[in-house]
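**Student:** Contents of upload.txt (compact mmCIF, C-alpha atoms and all ligand atoms):
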```txt
# COMPACT_ATOMS: atom_id res chain seq x y z
CA MET A 571 47.51 20.53 -35.28
CA VAL A 572 50.28 22.76 -36.66
CA LYS A 573 50.89 22.89 -40.42
CA MET A 574 54.63 23.37 -40.85
CA ASP A 575 54.49 25.64 -43.89
CA CYS A 576 51.65 27.85 -42.61
CA LEU A 577 52.35 31.48 -41.68
CA PHE A 578 49.51 31.77 -39.17
CA CYS A 579 50.35 28.42 -37.49
CA LYS A 580 53.80 29.92 -36.93
CA ILE A 581 52.28 33.07 -35.45
CA VAL A 582 50.19 30.92 -33.07
CA ASP A 583 53.21 28.95 -31.89
CA GLY A 584 55.41 32.07 -31.68
CA THR A 585 57.91 31.04 -34.38
CA ILE A 586 57.00 34.18 -36.36
CA PRO A 587 56.46 37.34 -34.29
CA ALA A 588 53.17 39.21 -34.33
CA SER A 589 51.54 41.91 -32.27
CA VAL A 590 49.20 39.64 -30.30
CA VAL A 591 46.15 41.39 -28.85
CA LYS A 592 44.47 38.46 -27.10
CA GLN A 593 44.98 34.70 -26.93
CA ASN A 594 43.46 31.69 -25.23
CA ASN A 595 43.83 27.94 -25.73
CA LYS A 596 41.60 27.98 -28.84
CA VAL A 597 41.85 31.41 -30.47
CA THR A 598 44.53 34.06 -31.18
CA ALA A 599 44.03 37.70 -32.19
CA PHE A 600 46.82 39.87 -33.59
CA ASN A 601 47.23 43.12 -35.51
CA ASP A 602 47.20 42.85 -39.30
CA ILE A 603 50.62 43.70 -40.75
CA SER A 604 48.97 45.87 -43.43
CA PRO A 605 46.08 47.61 -41.64
CA GLN A 606 43.14 48.76 -43.76
CA ALA A 607 41.54 50.71 -40.90
CA PRO A 608 42.74 52.29 -37.62
CA THR A 609 41.81 48.99 -35.93
CA HIS A 610 42.53 45.93 -38.08
CA ILE A 611 42.86 42.72 -36.12
CA LEU A 612 42.90 39.14 -37.37
CA VAL A 613 41.19 36.55 -35.17
CA ILE A 614 42.14 32.96 -35.94
CA PRO A 615 41.72 29.43 -34.58
CA ASN A 616 44.94 28.11 -33.01
CA GLN A 617 44.33 24.87 -34.87
CA HIS A 618 44.90 24.86 -38.63
CA PHE A 619 41.83 25.01 -40.89
CA LYS A 620 42.04 26.29 -44.45
CA ASN A 621 39.13 28.71 -44.19
CA MET A 622 36.24 29.74 -41.93
CA GLY A 623 33.79 27.56 -43.85
CA GLU A 624 35.79 24.53 -42.77
CA VAL A 625 35.79 25.74 -39.14
CA SER A 626 32.04 26.39 -39.17
CA GLU A 627 31.23 22.95 -40.57
CA SER A 628 33.63 20.87 -38.49
CA ASP A 629 33.57 22.82 -35.22
CA PRO A 630 30.74 25.39 -34.96
CA ASP A 631 31.59 26.05 -31.31
CA LEU A 632 35.07 27.13 -32.36
CA ALA A 633 33.58 29.45 -35.00
CA GLY A 634 31.52 30.96 -32.17
CA GLU A 635 34.64 31.37 -30.01
CA ILE A 636 36.34 33.29 -32.83
CA LEU A 637 33.36 35.65 -33.19
CA LYS A 638 33.16 36.01 -29.42
CA MET A 639 36.78 37.10 -29.15
CA ALA A 640 36.28 39.62 -31.96
CA SER A 641 33.27 41.12 -30.16
CA GLN A 642 35.17 41.26 -26.85
CA ILE A 643 38.04 43.09 -28.54
CA ALA A 644 35.66 45.54 -30.26
CA LYS A 645 34.18 46.31 -26.83
CA GLU A 646 37.60 46.64 -25.19
CA TYR A 647 38.71 49.03 -27.95
CA GLY A 648 35.59 51.12 -27.41
CA LEU A 649 34.36 50.63 -30.97
CA ASP A 650 30.69 51.50 -31.42
CA SER A 651 30.75 50.34 -35.06
CA TRP A 652 32.91 47.70 -36.58
CA ARG A 653 33.02 45.30 -39.48
CA ILE A 654 33.88 41.62 -39.51
CA ASN A 655 35.13 40.44 -42.87
CA ILE A 656 35.68 36.81 -43.87
CA ASN A 657 37.38 36.26 -47.23
CA THR A 658 36.88 32.68 -48.35
CA GLY A 659 38.71 31.59 -51.50
CA GLU A 660 41.06 33.49 -53.79
CA SER A 661 38.34 35.33 -55.76
CA ALA A 662 36.97 36.72 -52.48
CA GLY A 663 40.42 38.00 -51.53
CA GLN A 664 41.72 35.20 -49.30
CA SER A 665 45.51 35.21 -49.45
CA VAL A 666 46.43 33.26 -46.30
CA PHE A 667 44.93 29.79 -46.16
CA HIS A 668 44.66 29.46 -42.39
CA ALA A 669 41.13 30.41 -41.32
CA HIS A 670 40.76 33.98 -40.04
CA ILE A 671 38.30 36.79 -39.65
CA HIS A 672 39.16 40.47 -40.01
CA LEU A 673 37.94 42.84 -37.30
CA LEU A 674 37.98 46.36 -38.74
CA GLY A 675 37.04 49.57 -36.96
CA GLY A 676 37.76 53.24 -36.46
CA ARG A 677 36.54 54.58 -39.78
CA VAL A 678 33.41 54.67 -41.94
CA PHE A 679 32.97 51.63 -44.23
CA ALA A 680 31.31 51.64 -47.62
CA TRP A 681 28.56 49.24 -48.64
CA PRO A 682 28.51 47.19 -50.81
CA PRO A 683 32.14 46.10 -50.37
CA GLY A 684 34.33 46.05 -53.46
P1 LIG B 1 43.14 37.51 -46.41
O1 LIG B 1 43.58 38.31 -47.60
O2 LIG B 1 43.63 36.07 -46.53
O3 LIG B 1 41.69 37.62 -46.06
O4 LIG B 1 43.89 38.15 -45.15
C1 LIG B 1 45.21 37.87 -44.83
C2 LIG B 1 45.71 39.03 -44.02
O5 LIG B 1 46.93 38.65 -43.41
C3 LIG B 1 46.02 40.29 -44.85
O6 LIG B 1 45.19 41.37 -44.38
C4 LIG B 1 47.49 40.53 -44.59
O7 LIG B 1 47.81 41.91 -44.46
C5 LIG B 1 47.76 39.76 -43.31
N1 LIG B 1 49.11 39.26 -43.20
C6 LIG B 1 49.85 38.64 -44.17
N2 LIG B 1 51.05 38.29 -43.69
C7 LIG B 1 51.07 38.69 -42.39
C8 LIG B 1 52.08 38.61 -41.36
O8 LIG B 1 53.18 38.09 -41.53
N3 LIG B 1 51.75 39.14 -40.15
C9 LIG B 1 50.54 39.72 -39.91
N4 LIG B 1 50.33 40.21 -38.69
N5 LIG B 1 49.58 39.81 -40.86
C10 LIG B 1 49.84 39.30 -42.08
ZN ZN B 2 47.85 27.15 -40.21
```
Would you write out, as structure tokens, the structure that this file holds?
Ligand code: 5GP
Ligand code: ZN
**Tutor:**
Amino acid sequence: MVKMDCLFCKIVDGTIPASVVKQNNKVTAFNDISPQAPTHILVIPNQHFKNMGEVSESDPDLAGEILKMASQIAKEYGLDSWRININTGESAGQSVFHAHIHLLGGRVFAWPPG
């Protein structure tokens, strides 16, 4: 289902342009507009959910499809190390309330995260 006022729903349906890396009938991956690493790709469900917790609870297979696409892209990009980041809620840094995971690669990452 498309949420009319949602930025990422509009990217999925093509109303707002994005640099799409990979897409199937359930999942879309596109380059982040403000990359925090040489590779910074957002992988999202085509259907609107407010965060990844909601996806995992209501459709665990879909959560798996999202992770699967991220891993496929990491392999296709030749990344030997990468980080998947899921910000859930404002205090954790979530700013777009359509579920997404960040696939980051191409540099060294610190631990713990900030
Ligand atoms: P969050 O902060 O919610 O975890 O991640 C949202 C991400 O969406 C941010 O990294 C931000 O740069 C990215 N973003 C925000 N608006 C747009 C946009 O219009 N296009 C693309 N490609 N990415 C966006
Ligand atoms: Zn949405």
**Student:** For Thr658 (chain A), please output as a PyMOL selection string all residues within 9 Å (counting all atoms listed in the file; exclusion window: fewer than 2 positions along the same chain).
**Tutor:** chain A and resi 621-623+656+660-664+667+669
**Student:** Counting all atoms listed in the file, which protein, DNA or RNA residues come within 9 Å of ligand LIG 1 (chain B), given as an MDAnalysis selection string?
**Tutor:** chainID A and resid 577:578 581 586:590 600:606 610:612 621 655:660 662:672
**Student:** Tell me, counting all atoms listed in the file, for each residue of chain A within 7 Å of ligand ZN 2 (chain B), which pair of atoms is nearest and how far apart they are in Å to one decimal, in rows ordered by chain and increasing number, as JSON lines.
**Tutor:**
```
{"residue": "A:Val572", "atom": "CA", "partner": "B:ZN2", "partner_atom": "ZN", "distance": 6.1}
{"residue": "A:Lys573", "atom": "CA", "partner": "B:ZN2", "partner_atom": "ZN", "distance": 5.2}
{"residue": "A:Cys576", "atom": "CA", "partner": "B:ZN2", "partner_atom": "ZN", "distance": 4.5}
{"residue": "A:Leu577", "atom": "CA", "partner": "B:ZN2", "partner_atom": "ZN", "distance": 6.4}
{"residue": "A:Phe578", "atom": "CA", "partner": "B:ZN2", "partner_atom": "ZN", "distance": 5.0}
{"residue": "A:Cys579", "atom": "CA", "partner": "B:ZN2", "partner_atom": "ZN", "distance": 3.9}
{"residue": "A:Gln617", "atom": "CA", "partner": "B:ZN2", "partner_atom": "ZN", "distance": 6.8}
{"residue": "A:His618", "atom": "CA", "partner": "B:ZN2", "partner_atom": "ZN", "distance": 4.1}
{"residue": "A:Phe619", "atom": "CA", "partner": "B:ZN2", "partner_atom": "ZN", "distance": 6.4}
{"residue": "A:His668", "atom": "CA", "partner": "B:ZN2", "partner_atom": "ZN", "distance": 4.5}
```
**Student:** Could you check the closest approach to Asp650 (chain A) for each of A:Leu632, A:Met574, A:Val678, A:Ala607 and tell me which residue wins, using all atoms listed in the file?
**Tutor:**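 Nearest to Asp650 (chain A): A:Val678.
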**Student:** Using all atoms listed in the file, pick whichever of A:Ser626, A:Asp583, A:Gly675, A:Lys620 has the shortest atom-to-atom distance to Gly648 (chain A).
**Tutor:** A:Gly675
**Student:** Report the distance between CA of Arg677 (chain A) and CA of Arg653 (chain A) in Å, rounded to one decimal place.
**Tutor:**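 Value for the CA of Arg677 (chain A)-CA of Arg653 (chain A) distance: 9.9 Å.
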**Student:** Hey, can you check how far CA of Asn595 (chain A) sits from CA of Ile654 (chain A)?
**Tutor:** 21.8 Å
**Student:** Have a look at CA of Pro682 (chain A) and CA of Val613 (chain A) and let me know their distance in Å, one decimal.
**Tutor:** 22.8 Å
**Student:** Considering all atoms listed in the file, state which residue in the set A:Val597, A:Ala680, A:Lys645, A:Trp652 is at the smallest distance from Ala633 (chain A).
**Tutor:** A:Val597
**Student:** Given the choices A:Val591, A:Ile643, A:Leu649, A:Val582, which gets closest to Pro615 (chain A) if the distance is worked out from all atoms listed in the file?
**Tutor:**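 Of A:Val591, A:Ile643, A:Leu649, A:Val582, the one nearest Pro615 (chain A) is A:Val582, counting all atoms listed in the file.
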**Student:** Out of A:Ser641, A:Thr585, A:Ser651, A:Ser628, which residue has the shortest atom-to-atom distance to Phe679 (chain A) when counting all atoms listed in the file?
**Tutor:**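 Once distances to Phe679 (chain A) are computed over all atoms listed in the file, the minimum belongs to A:Ser651.
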**Student:** With distances taken over all atoms listed in the file, which of A:Ile636, A:Asp629, A:Ala644, A:Pro608 is nearest to Gly676 (chain A)?
**Tutor:**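 Counting all atoms listed in the file, the residue closest to Gly676 (chain A) is A:Pro608.
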